[in-house]
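**Student:** Below is the file run-v7.pdb, with PDB, C-alpha atoms and all ligand atoms.
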ATOM      1  CA  MET A 132     -52.885  33.670 -40.971  1.00  0.00           C
ATOM      2  CA  ALA A 133     -55.225  30.908 -42.162  1.00  0.00           C
ATOM      3  CA  THR A 134     -56.538  32.526 -45.328  1.00  0.00           C
ATOM      4  CA  SER A 135     -55.200  30.432 -48.174  1.00  0.00           C
ATOM      5  CA  GLU A 136     -58.809  30.044 -49.448  1.00  0.00           C
ATOM      6  CA  THR A 137     -58.156  27.128 -51.766  1.00  0.00           C
ATOM      7  CA  VAL A 138     -61.662  25.763 -51.234  1.00  0.00           C
ATOM      8  CA  GLN A 139     -63.781  26.953 -54.128  1.00  0.00           C
ATOM      9  CA  PRO A 140     -67.452  27.909 -53.765  1.00  0.00           C
ATOM     10  CA  GLY A 141     -69.657  24.833 -53.980  1.00  0.00           C
ATOM     11  CA  ASP A 142     -66.717  22.390 -53.714  1.00  0.00           C
ATOM     12  CA  VAL A 143     -67.832  19.476 -51.548  1.00  0.00           C
ATOM     13  CA  THR A 144     -64.529  17.591 -51.840  1.00  0.00           C
ATOM     14  CA  GLN A 145     -62.576  20.034 -49.667  1.00  0.00           C
ATOM     15  CA  ARG A 146     -63.279  21.410 -46.194  1.00  0.00           C
ATOM     16  CA  VAL A 147     -62.536  24.882 -44.903  1.00  0.00           C
ATOM     17  CA  GLY A 148     -62.710  23.367 -41.397  1.00  0.00           C
ATOM     18  CA  VAL A 149     -59.676  21.270 -42.335  1.00  0.00           C
ATOM     19  CA  GLU A 150     -57.906  23.918 -44.387  1.00  0.00           C
ATOM     20  CA  VAL A 151     -57.794  26.389 -41.511  1.00  0.00           C
ATOM     21  CA  ILE A 152     -56.295  23.971 -38.993  1.00  0.00           C
ATOM     22  CA  ARG A 153     -53.754  22.674 -41.531  1.00  0.00           C
ATOM     23  CA  ALA A 154     -52.708  26.277 -42.163  1.00  0.00           C
ATOM     24  CA  ARG A 155     -52.131  26.599 -38.423  1.00  0.00           C
ATOM     25  CA  GLY A 156     -49.752  23.641 -38.474  1.00  0.00           C
ATOM     26  CA  VAL A 157     -51.917  20.637 -37.554  1.00  0.00           C
ATOM     27  CA  ASP A 158     -50.876  17.376 -39.237  1.00  0.00           C
ATOM     28  CA  VAL A 159     -54.479  16.400 -40.018  1.00  0.00           C
ATOM     29  CA  ASP A 160     -53.709  12.865 -41.229  1.00  0.00           C
ATOM     30  CA  LYS A 161     -51.808  12.142 -38.018  1.00  0.00           C
ATOM     31  CA  LEU A 162     -54.597  13.679 -35.945  1.00  0.00           C
ATOM     32  CA  ILE A 163     -57.214  11.475 -37.643  1.00  0.00           C
ATOM     33  CA  LYS A 164     -55.081   8.382 -36.886  1.00  0.00           C
ATOM     34  CA  MET A 165     -54.793   9.398 -33.221  1.00  0.00           C
ATOM     35  CA  LEU A 166     -58.541  10.013 -32.975  1.00  0.00           C
ATOM     36  CA  VAL A 167     -59.373   6.640 -34.543  1.00  0.00           C
ATOM     37  CA  ALA A 168     -56.941   4.947 -32.111  1.00  0.00           C
ATOM     38  CA  ASN A 169     -58.499   6.787 -29.180  1.00  0.00           C
ATOM     39  CA  ALA A 170     -62.041   6.040 -30.356  1.00  0.00           C
ATOM     40  CA  GLY A 171     -60.975   2.388 -30.596  1.00  0.00           C
ATOM     41  CA  ALA A 172     -59.697   2.489 -27.033  1.00  0.00           C
ATOM     42  CA  GLU A 173     -62.932   4.058 -25.760  1.00  0.00           C
ATOM     43  CA  PHE A 174     -65.222   1.635 -27.547  1.00  0.00           C
ATOM     44  CA  ALA A 175     -63.283  -1.611 -27.951  1.00  0.00           C
ATOM     45  CA  SER A 176     -60.633  -1.793 -25.243  1.00  0.00           C
ATOM     46  CA  THR A 177     -62.548  -0.093 -22.423  1.00  0.00           C
ATOM     47  CA  TYR A 178     -66.359   0.184 -22.900  1.00  0.00           C
ATOM     48  CA  TYR A 179     -66.689  -3.386 -24.146  1.00  0.00           C
ATOM     49  CA  TYR A 180     -64.304  -4.992 -21.640  1.00  0.00           C
ATOM     50  CA  TYR A 181     -65.450  -2.828 -18.713  1.00  0.00           C
ATOM     51  CA  THR A 182     -68.860  -4.443 -19.237  1.00  0.00           C
ATOM     52  CA  ILE A 183     -67.294  -7.823 -18.466  1.00  0.00           C
ATOM     53  CA  LEU A 184     -65.061  -6.516 -15.671  1.00  0.00           C
ATOM     54  CA  ARG A 185     -68.061  -4.950 -13.952  1.00  0.00           C
ATOM     55  CA  MET A 186     -69.959  -8.245 -14.008  1.00  0.00           C
ATOM     56  CA  HIS A 187     -67.084  -9.887 -12.163  1.00  0.00           C
ATOM     57  CA  LEU A 188     -67.086  -7.323  -9.369  1.00  0.00           C
ATOM     58  CA  ALA A 189     -70.144  -9.209  -8.133  1.00  0.00           C
ATOM     59  CA  GLY A 190     -70.594  -8.747  -4.409  1.00  0.00           C
ATOM     60  CA  HIS A 191     -68.801  -5.393  -4.422  1.00  0.00           C
ATOM     61  CA  GLU A 192     -71.826  -3.252  -5.246  1.00  0.00           C
ATOM     62  CA  ASP A 193     -69.958  -0.026  -4.454  1.00  0.00           C
ATOM     63  CA  TYR A 194     -67.160  -0.909  -6.898  1.00  0.00           C
ATOM     64  CA  LYS A 195     -69.713  -1.935  -9.509  1.00  0.00           C
ATOM     65  CA  GLU A 196     -71.384   1.456  -9.306  1.00  0.00           C
ATOM     66  CA  ILE A 197     -68.134   3.323  -9.937  1.00  0.00           C
ATOM     67  CA  CYS A 198     -67.155   0.909 -12.708  1.00  0.00           C
ATOM     68  CA  GLU A 199     -70.543   1.546 -14.325  1.00  0.00           C
ATOM     69  CA  ASP A 200     -69.931   5.302 -14.359  1.00  0.00           C
ATOM     70  CA  ALA A 201     -66.510   4.816 -15.947  1.00  0.00           C
ATOM     71  CA  ARG A 202     -67.964   2.347 -18.469  1.00  0.00           C
ATOM     72  CA  LEU A 203     -70.843   4.570 -19.578  1.00  0.00           C
ATOM     73  CA  GLU A 204     -68.625   7.637 -19.712  1.00  0.00           C
ATOM     74  CA  ASP A 205     -66.257   5.813 -22.052  1.00  0.00           C
ATOM     75  CA  ARG A 206     -69.250   5.147 -24.283  1.00  0.00           C
ATOM     76  CA  ALA A 207     -70.005   8.887 -24.139  1.00  0.00           C
ATOM     77  CA  HIS A 208     -66.371   9.574 -25.126  1.00  0.00           C
ATOM     78  CA  TRP A 209     -66.696   7.295 -28.124  1.00  0.00           C
ATOM     79  CA  GLU A 210     -69.877   9.052 -29.238  1.00  0.00           C
ATOM     80  CA  LEU A 211     -68.374  12.484 -28.632  1.00  0.00           C
ATOM     81  CA  ILE A 212     -65.256  11.956 -30.732  1.00  0.00           C
ATOM     82  CA  VAL A 213     -66.572   9.935 -33.695  1.00  0.00           C
ATOM     83  CA  PRO A 214     -68.247  12.897 -35.454  1.00  0.00           C
ATOM     84  CA  ARG A 215     -64.950  14.796 -35.284  1.00  0.00           C
ATOM     85  CA  ILE A 216     -63.176  12.019 -37.202  1.00  0.00           C
ATOM     86  CA  TYR A 217     -65.634  12.432 -40.085  1.00  0.00           C
ATOM     87  CA  GLU A 218     -65.545  16.230 -39.989  1.00  0.00           C
ATOM     88  CA  LEU A 219     -61.788  16.013 -40.493  1.00  0.00           C
ATOM     89  CA  GLY A 220     -62.287  13.816 -43.562  1.00  0.00           C
ATOM     90  CA  GLY A 221     -61.492  10.533 -41.803  1.00  0.00           C
ATOM     91  CA  SER A 222     -63.661   7.487 -41.214  1.00  0.00           C
ATOM     92  CA  LEU A 223     -63.927   4.415 -39.007  1.00  0.00           C
ATOM     93  CA  PRO A 224     -62.605   1.081 -40.322  1.00  0.00           C
ATOM     94  CA  ASN A 225     -65.452  -0.956 -41.793  1.00  0.00           C
ATOM     95  CA  ASP A 226     -64.279  -3.959 -39.814  1.00  0.00           C
ATOM     96  CA  LEU A 227     -64.619  -4.232 -36.047  1.00  0.00           C
ATOM     97  CA  LYS A 228     -61.580  -6.477 -35.628  1.00  0.00           C
ATOM     98  CA  GLU A 229     -59.388  -4.076 -37.584  1.00  0.00           C
ATOM     99  CA  PHE A 230     -60.749  -1.208 -35.467  1.00  0.00           C
ATOM    100  CA  HIS A 231     -60.061  -3.112 -32.253  1.00  0.00           C
ATOM    101  CA  ASP A 232     -56.514  -3.924 -33.336  1.00  0.00           C
ATOM    102  CA  GLN A 233     -55.579  -0.289 -33.867  1.00  0.00           C
ATOM    103  CA  ALA A 234     -56.907   0.880 -30.485  1.00  0.00           C
ATOM    104  CA  GLY A 235     -54.477   3.080 -28.612  1.00  0.00           C
ATOM    105  CA  CYS A 236     -54.799   1.174 -25.322  1.00  0.00           C
ATOM    106  CA  ARG A 237     -54.510  -2.517 -24.492  1.00  0.00           C
ATOM    107  CA  ALA A 238     -57.786  -4.434 -24.214  1.00  0.00           C
ATOM    108  CA  ALA A 239     -58.918  -4.551 -20.578  1.00  0.00           C
ATOM    109  CA  LYS A 240     -59.500  -8.314 -20.639  1.00  0.00           C
ATOM    110  CA  LEU A 241     -60.745 -10.088 -17.553  1.00  0.00           C
ATOM    111  CA  PRO A 242     -57.685 -10.947 -15.436  1.00  0.00           C
ATOM    112  CA  ASP A 243     -56.986 -14.435 -14.127  1.00  0.00           C
ATOM    113  CA  PRO A 244     -57.895 -14.843 -11.347  1.00  0.00           C
ATOM    114  CA  PRO A 245     -60.658 -12.201 -11.582  1.00  0.00           C
ATOM    115  CA  THR A 246     -60.224 -10.868  -8.052  1.00  0.00           C
ATOM    116  CA  ALA A 247     -61.364  -7.366  -7.135  1.00  0.00           C
ATOM    117  CA  VAL A 248     -57.723  -6.307  -6.708  1.00  0.00           C
ATOM    118  CA  ASN A 249     -56.762  -7.590 -10.165  1.00  0.00           C
ATOM    119  CA  ILE A 250     -59.813  -5.994 -11.793  1.00  0.00           C
ATOM    120  CA  LEU A 251     -59.298  -2.637 -10.074  1.00  0.00           C
ATOM    121  CA  THR A 252     -55.604  -2.664 -11.066  1.00  0.00           C
ATOM    122  CA  LEU A 253     -56.568  -3.235 -14.685  1.00  0.00           C
ATOM    123  CA  LEU A 254     -59.189  -0.485 -14.554  1.00  0.00           C
ATOM    124  CA  LEU A 255     -56.679   1.940 -13.066  1.00  0.00           C
ATOM    125  CA  GLU A 256     -54.074   1.253 -15.742  1.00  0.00           C
ATOM    126  CA  SER A 257     -56.682   1.594 -18.506  1.00  0.00           C
ATOM    127  CA  GLU A 258     -57.608   5.046 -17.212  1.00  0.00           C
ATOM    128  CA  ARG A 259     -53.938   5.984 -17.147  1.00  0.00           C
ATOM    129  CA  CYS A 260     -53.562   4.978 -20.788  1.00  0.00           C
ATOM    130  CA  ALA A 261     -56.597   7.135 -21.635  1.00  0.00           C
ATOM    131  CA  ILE A 262     -55.114  10.136 -19.817  1.00  0.00           C
ATOM    132  CA  ARG A 263     -51.895   9.805 -21.803  1.00  0.00           C
ATOM    133  CA  SER A 264     -53.724   9.402 -25.129  1.00  0.00           C
ATOM    134  CA  TRP A 265     -56.102  12.339 -24.687  1.00  0.00           C
ATOM    135  CA  SER A 266     -53.297  14.547 -23.346  1.00  0.00           C
ATOM    136  CA  ALA A 267     -51.401  13.857 -26.586  1.00  0.00           C
ATOM    137  CA  VAL A 268     -54.433  15.058 -28.594  1.00  0.00           C
ATOM    138  CA  CYS A 269     -54.682  18.184 -26.415  1.00  0.00           C
ATOM    139  CA  ASP A 270     -50.969  18.906 -26.962  1.00  0.00           C
ATOM    140  CA  MET A 271     -51.287  18.495 -30.706  1.00  0.00           C
ATOM    141  CA  THR A 272     -54.324  20.767 -31.069  1.00  0.00           C
ATOM    142  CA  PHE A 273     -53.805  23.439 -28.415  1.00  0.00           C
ATOM    143  CA  GLY A 274     -54.017  26.900 -29.959  1.00  0.00           C
ATOM    144  CA  LYS A 275     -54.523  25.419 -33.443  1.00  0.00           C
ATOM    145  CA  ASP A 276     -57.700  23.345 -33.578  1.00  0.00           C
ATOM    146  CA  PRO A 277     -60.076  24.656 -30.912  1.00  0.00           C
ATOM    147  CA  ARG A 278     -62.856  22.163 -31.668  1.00  0.00           C
ATOM    148  CA  THR A 279     -60.781  18.996 -31.341  1.00  0.00           C
ATOM    149  CA  TYR A 280     -59.021  20.512 -28.334  1.00  0.00           C
ATOM    150  CA  ASP A 281     -62.341  21.222 -26.605  1.00  0.00           C
ATOM    151  CA  LEU A 282     -63.646  17.690 -27.173  1.00  0.00           C
ATOM    152  CA  ALA A 283     -60.369  16.067 -26.068  1.00  0.00           C
ATOM    153  CA  ALA A 284     -60.151  18.298 -22.987  1.00  0.00           C
ATOM    154  CA  ARG A 285     -63.713  17.354 -21.953  1.00  0.00           C
ATOM    155  CA  ILE A 286     -62.829  13.680 -22.208  1.00  0.00           C
ATOM    156  CA  LEU A 287     -59.515  14.207 -20.402  1.00  0.00           C
ATOM    157  CA  ASN A 288     -61.337  15.842 -17.489  1.00  0.00           C
ATOM    158  CA  GLU A 289     -63.359  12.668 -16.972  1.00  0.00           C
ATOM    159  CA  GLU A 290     -60.404  10.295 -17.461  1.00  0.00           C
ATOM    160  CA  ILE A 291     -58.521  12.128 -14.722  1.00  0.00           C
ATOM    161  CA  GLU A 292     -61.521  11.668 -12.441  1.00  0.00           C
ATOM    162  CA  HIS A 293     -61.675   7.976 -13.348  1.00  0.00           C
ATOM    163  CA  GLU A 294     -58.024   7.506 -12.383  1.00  0.00           C
ATOM    164  CA  ALA A 295     -58.718   9.114  -9.010  1.00  0.00           C
ATOM    165  CA  TRP A 296     -61.757   6.848  -8.463  1.00  0.00           C
ATOM    166  CA  PHE A 297     -59.754   3.686  -9.088  1.00  0.00           C
ATOM    167  CA  ILE A 298     -56.798   4.841  -7.008  1.00  0.00           C
ATOM    168  CA  GLU A 299     -59.270   5.259  -4.138  1.00  0.00           C
ATOM    169  CA  LEU A 300     -60.862   1.832  -4.645  1.00  0.00           C
ATOM    170  CA  LEU A 301     -57.612  -0.081  -5.232  1.00  0.00           C
ATOM    171  CA  ALA A 302     -55.880   1.543  -2.244  1.00  0.00           C
ATOM    172  CA  HIS A 303     -58.841   0.533  -0.098  1.00  0.00           C
ATOM    173  CA  GLU A 304     -59.215  -3.003  -1.438  1.00  0.00           C
ATOM    174  CA  ARG A 305     -55.544  -3.946  -1.736  1.00  0.00           C
ATOM    175  CA  ASP A 306     -53.805  -1.895   0.965  1.00  0.00           C
ATOM    176  CA  GLY A 307     -56.575  -1.007   3.409  1.00  0.00           C
ATOM    177  CA  LYS A 308     -55.592   2.619   2.852  1.00  0.00           C
ATOM    178  CA  SER A 309     -57.745   5.700   2.486  1.00  0.00           C
ATOM    179  CA  ILE A 310     -56.766   7.813  -0.557  1.00  0.00           C
ATOM    180  CA  PRO A 311     -59.938   9.786  -1.365  1.00  0.00           C
ATOM    181  CA  SER A 312     -60.704  10.724  -4.955  1.00  0.00           C
ATOM    182  CA  GLY A 313     -62.220  13.878  -3.523  1.00  0.00           C
ATOM    183  CA  HIS A 314     -65.207  13.716  -5.850  1.00  0.00           C
ATOM    184  CA  PHE A 315     -68.922  13.793  -5.261  1.00  0.00           C
ATOM    185  CA  ARG A 316     -71.130  11.114  -6.769  1.00  0.00           C
ATOM    186  CA  ARG A 317     -72.525  11.407 -10.275  1.00  0.00           C
ATOM    187  CA  GLY A 318     -76.213  12.301 -10.406  1.00  0.00           C
ATOM    188  CA  GLU A 319     -77.030   9.110 -12.272  1.00  0.00           C
ATOM    189  CA  PRO A 320     -74.936   6.364 -13.913  1.00  0.00           C
ATOM    190  CA  GLY A 321     -73.059   7.619 -16.958  1.00  0.00           C
ATOM    191  CA  GLU A 322     -73.762  11.268 -16.171  1.00  0.00           C
ATOM    192  CA  ALA A 323     -70.572  12.378 -18.000  1.00  0.00           C
ATOM    193  CA  PRO A 324     -70.780  16.023 -16.874  1.00  0.00           C
ATOM    194  CA  TYR A 325     -67.979  17.217 -19.129  1.00  0.00           C
ATOM    195  CA  SER A 326     -68.534  15.141 -22.243  1.00  0.00           C
ATOM    196  CA  LYS A 327     -72.335  15.504 -22.169  1.00  0.00           C
ATOM    197  CA  ASN A 328     -72.246  19.058 -20.831  1.00  0.00           C
ATOM    198  CA  ARG A 329     -74.457  18.112 -17.873  1.00  0.00           C
ATOM    199  CA  ARG A 330     -74.625  20.009 -14.633  1.00  0.00           C
ATOM    200  CA  PHE A 331     -72.436  18.803 -11.790  1.00  0.00           C
ATOM    201  CA  TYR A 332     -73.911  17.116  -8.736  1.00  0.00           C
ATOM    202  CA  ASN A 333     -75.092  20.072  -6.736  1.00  0.00           C
ATOM    203  CA  PRO A 334     -78.183  19.303  -4.653  1.00  0.00           C
TER     204      PRO A 334
HETATM  205 FE    FE A 401     -62.851   7.354 -21.855  1.00  0.00          FE
HETATM  206 FE    FE A 402     -62.185   6.398 -18.402  1.00  0.00          FE
END
I need this file expressed as structure tokens, please.
Ligand SMILES: [Fe+2]
Ligand SMILES: [Fe+2]

**Tutor:**
Amino acid sequence: MATSETVQPGDVTQRVGVEVIRARGVDVDKLIKMLVANAGAEFASTYYYYTILRMHLAGHEDYKEICEDARLEDRAHWELIVPRIYELGGSLPNDLKEFHDQAGCRAAKLPDPPTAVNILTLLLESERCAIRSWSAVCDMTFGKDPRTYDLAARILNEEIEHEAWFIELLAHERDGKSIPSGHFRRGEPGEAPYSKNRRFYNP
């Protein structure tokens, strides 16, 4: 039972929101590190580099549209998770390079040559890294830290969709194969139905 009640009335140096999840067995310092690494992946190794990758899909307007959804949703993921880092008593590095270097996924740098197949392969593998990273946060918080779990699960829902989108596009572009993602279009770019709690496309 999480009732140690060590936080005294008026004490602003301790947090009951941290005390209760620690009492349930969450390693809060480790969780903060994972969240900073994941925030770094969302912002630095995907959102930033997806901007460049999308530019180089010139001529493939359909691929650009999907890439734009994935890009803007990664920005939404960054914005969704950053407040949680601070609530847990953590903070972001005050140095962008340091932040970038501790990202949990490899930077999605423009491949050489920047063909559609190479770009789509990179996008697919970035989404797979995100699925693994957010699943690890879900595993660590399930049944113990409902708020972090909820945020991570919302992000994971979208990362799984992103993987399916890029499987569809890469299979089409590289192999001439049809492997549908099975999804309907977003209402507008960056809709992020799970992480922004928007309604699903339902005309
Ligand atoms: Fe993401
Ligand atoms: Fe993604």

**Student:** Chain A near ligand FE 401 (chain A) within 7 Å: what's each residue's closest atom pair and its distance in Å to one decimal, counting only C-alpha atoms and all ligand atoms, ordered by chain then ascending residue number, as a tab-separated table?

**Tutor:**
residue	atom	partner	partner_atom	distance
A:Glu173	CA	A:FE401	FE	5.1
A:Glu204	CA	A:FE401	FE	6.2
A:Asp205	CA	A:FE401	FE	3.7
A:His208	CA	A:FE401	FE	5.3
A:Ala261	CA	A:FE401	FE	6.3
A:Ile286	CA	A:FE401	FE	6.3
A:Glu290	CA	A:FE401	FE	5.8

**Student:** From the options A:Val213, A:Cys198, A:Ile298, A:Leu223, which residue's atoms come nearest to ligand FE 402 (chain A), counting only C-alpha atoms and all ligand atoms?

**Tutor:**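 Answer, going by the shortest atom-to-atom distance: A:Cys198.
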
**Student:** The PyMOL selection byres (((chain A and resi 285) around 12) and not hetatm) - which residues does that actually catch in the file I just gave you? List them as number ranges by chain.

**Tutor:** A: 204-205, 207-208, 211-212, 262, 265-266, 268-269, 278-284, 286-292, 323-329

**Student:** Mind pulling up the distance from atom CA of Pro214 of chain A to atom CA of Gly141 of chain A?

**Tutor:** 22.1 Å

**Student:** Counting only C-alpha atoms and all ligand atoms, figure out which residue out of A:Ser222, A:Gln233, A:Gln145, A:Ser264 gets nearest to ligand FE 402 (chain A).

**Tutor:**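 For ligand FE 402 (chain A), the nearest of the given residues is A:Ser264.
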
**Student:** Do you know which residues are at most 10 Å from Leu251 of chain A counting all atoms listed in the file, after dropping those on the same chain fewer than 2 positions away, and could you put them as a list in words?

**Tutor:**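 The filter keeps Leu184, Arg185, Leu188, Tyr194, Cys198, Pro245, Thr246, Ala247, Val248, Asn249, Leu253, Leu254, Leu255, Glu256, Ser257, Trp296, Phe297, Ile298, Glu299, Leu300, Leu301, Ala302, Glu304 and Arg305 of chain A.
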
**Student:** Please write as an MDAnalysis selection string the full residue list that the PyMOL selection byres (((chain A and resi 314-318) around 9) and not hetatm) yields on this file.

**Tutor:** chainID A and resid 197 200 292 295:296 311:313 319:324 330:333

**Student:** Restricting the calculation to all atoms listed in the file, which member of A:Asp243, A:Glu294, A:Glu218, A:Asp160 is positioned closest to Arg146 of chain A?

**Tutor:**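 The closest residue to Arg146 of chain A is A:Glu218.
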
**Student:** For Ala234 of chain A, which residue out of A:Tyr181, A:Cys260, A:Ser309, A:Met271 is the nearest one, using only C-alpha atoms?

**Tutor:**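 Distance minimum relative to Ala234 of chain A lands on A:Cys260.
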
**Student:** Could you expand the PyMOL selection byres (((chain A and resi 235) around 7) and not hetatm) into the explicit residues it covers here, written as number ranges by chain?

**Tutor:** A: 168-169, 171-172, 233-234, 236-237

**Student:** Would you list the residues near (-56.3, 10.8, -41.8), meaning any protein, DNA or RNA residue with an atom at most 9 Å from that point in file coordinates, counting only C-alpha atoms, as a list in words?

**Tutor:**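 I get Asp158, Val159, Asp160, Lys161, Leu162, Ile163, Lys164, Met165, Val167, Ile216, Leu219, Gly220, Gly221 and Ser222 of chain A for the residues within 9 Å of that point.
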
**Student:** Nearest to ligand FE 402 (chain A): which of A:Arg263, A:Arg215, A:His293, A:Lys308 is it, counting only C-alpha atoms and all ligand atoms?

**Tutor:** A:His293

**Student:** Could you please determine the separation between atom CA of Ala170 of chain A and atom CA of Phe273 of chain A in Å, to one decimal place?

**Tutor:**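 Interatomic distance here is 19.3 Å.
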
**Student:** Go through A:Asp226, A:Glu136, A:Asp306, A:Glu199 one by one, measure the shortest atom-to-atom distance of each to ligand FE 402 (chain A) using only C-alpha atoms and all ligand atoms, and give the residue with the smallest value.

**Tutor:** A:Glu199

**Student:** Up to 10 Å from (-64.9, -5.0, -21.0) in the file's coordinates: name the residues, counting all atoms listed in the file, as JSON, numbers by chain.

**Tutor:** {"A": [174, 175, 176, 177, 178, 179, 180, 181, 182, 183, 184, 185, 186, 202, 238, 239, 240, 241, 254]}

**Student:** Would you work out the distance separating atom CA of Glu258 of chain A from atom FE of ligand FE 402 (chain A), expressed in Å to one decimal?

**Tutor:**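 Result for atom CA of Glu258 of chain A versus atom FE of ligand FE 402 (chain A): 4.9 Å, one decimal.
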
**Student:** Let me have the centre and edge lengths in Å, one decimal, of the box along x, y and z around every listed atom of segment 322-326 of chain A with 8 Å of margin on each side, as JSON.

**Tutor:**
{"center_x": -70.9, "center_y": 14.2, "center_z": -19.2, "size_x": 21.8, "size_y": 21.9, "size_z": 22.1}

**Student:** Restore N, CA, C and O atoms in segment 259-271 of chain A and list the result as a PDB file, in the frame of the given file.

**Tutor:**
ATOM      1  N   ARG A 259     -55.217   5.285 -16.962  1.00  0.00           N
ATOM      2  CA  ARG A 259     -53.938   5.984 -17.147  1.00  0.00           C
ATOM      3  C   ARG A 259     -53.557   6.043 -18.623  1.00  0.00           C
ATOM      4  O   ARG A 259     -53.028   7.059 -19.099  1.00  0.00           O
ATOM      5  N   CYS A 260     -53.826   4.972 -19.339  1.00  0.00           N
ATOM      6  CA  CYS A 260     -53.562   4.978 -20.788  1.00  0.00           C
ATOM      7  C   CYS A 260     -54.428   6.051 -21.456  1.00  0.00           C
ATOM      8  O   CYS A 260     -53.951   6.802 -22.307  1.00  0.00           O
ATOM      9  N   ALA A 261     -55.690   6.136 -21.046  1.00  0.00           N
ATOM     10  CA  ALA A 261     -56.597   7.135 -21.635  1.00  0.00           C
ATOM     11  C   ALA A 261     -56.112   8.555 -21.348  1.00  0.00           C
ATOM     12  O   ALA A 261     -56.160   9.426 -22.234  1.00  0.00           O
ATOM     13  N   ILE A 262     -55.626   8.792 -20.151  1.00  0.00           N
ATOM     14  CA  ILE A 262     -55.114  10.136 -19.817  1.00  0.00           C
ATOM     15  C   ILE A 262     -53.956  10.497 -20.731  1.00  0.00           C
ATOM     16  O   ILE A 262     -53.890  11.604 -21.282  1.00  0.00           O
ATOM     17  N   ARG A 263     -53.053   9.532 -20.930  1.00  0.00           N
ATOM     18  CA  ARG A 263     -51.895   9.805 -21.803  1.00  0.00           C
ATOM     19  C   ARG A 263     -52.351  10.068 -23.239  1.00  0.00           C
ATOM     20  O   ARG A 263     -51.871  11.001 -23.899  1.00  0.00           O
ATOM     21  N   SER A 264     -53.289   9.275 -23.730  1.00  0.00           N
ATOM     22  CA  SER A 264     -53.724   9.402 -25.129  1.00  0.00           C
ATOM     23  C   SER A 264     -54.453  10.717 -25.376  1.00  0.00           C
ATOM     24  O   SER A 264     -54.228  11.374 -26.395  1.00  0.00           O
ATOM     25  N   TRP A 265     -55.355  11.090 -24.474  1.00  0.00           N
ATOM     26  CA  TRP A 265     -56.102  12.339 -24.687  1.00  0.00           C
ATOM     27  C   TRP A 265     -55.228  13.559 -24.420  1.00  0.00           C
ATOM     28  O   TRP A 265     -55.413  14.602 -25.048  1.00  0.00           O
ATOM     29  N   SER A 266     -54.237  13.432 -23.543  1.00  0.00           N
ATOM     30  CA  SER A 266     -53.297  14.547 -23.346  1.00  0.00           C
ATOM     31  C   SER A 266     -52.504  14.788 -24.620  1.00  0.00           C
ATOM     32  O   SER A 266     -52.223  15.943 -24.977  1.00  0.00           O
ATOM     33  N   ALA A 267     -52.154  13.711 -25.328  1.00  0.00           N
ATOM     34  CA  ALA A 267     -51.401  13.857 -26.586  1.00  0.00           C
ATOM     35  C   ALA A 267     -52.247  14.608 -27.620  1.00  0.00           C
ATOM     36  O   ALA A 267     -51.727  15.445 -28.372  1.00  0.00           O
ATOM     37  N   VAL A 268     -53.556  14.333 -27.655  1.00  0.00           N
ATOM     38  CA  VAL A 268     -54.433  15.058 -28.594  1.00  0.00           C
ATOM     39  C   VAL A 268     -54.530  16.533 -28.177  1.00  0.00           C
ATOM     40  O   VAL A 268     -54.483  17.430 -29.031  1.00  0.00           O
ATOM     41  N   CYS A 269     -54.639  16.781 -26.887  1.00  0.00           N
ATOM     42  CA  CYS A 269     -54.682  18.184 -26.415  1.00  0.00           C
ATOM     43  C   CYS A 269     -53.399  18.918 -26.819  1.00  0.00           C
ATOM     44  O   CYS A 269     -53.460  20.042 -27.321  1.00  0.00           O
ATOM     45  N   ASP A 270     -52.256  18.270 -26.626  1.00  0.00           N
ATOM     46  CA  ASP A 270     -50.969  18.906 -26.962  1.00  0.00           C
ATOM     47  C   ASP A 270     -50.887  19.232 -28.450  1.00  0.00           C
ATOM     48  O   ASP A 270     -50.379  20.276 -28.843  1.00  0.00           O
ATOM     49  N   MET A 271     -51.395  18.325 -29.265  1.00  0.00           N
ATOM     50  CA  MET A 271     -51.287  18.495 -30.706  1.00  0.00           C
ATOM     51  C   MET A 271     -52.218  19.595 -31.233  1.00  0.00           C
ATOM     52  O   MET A 271     -51.954  20.183 -32.282  1.00  0.00           O
TER      53      MET A 271
END
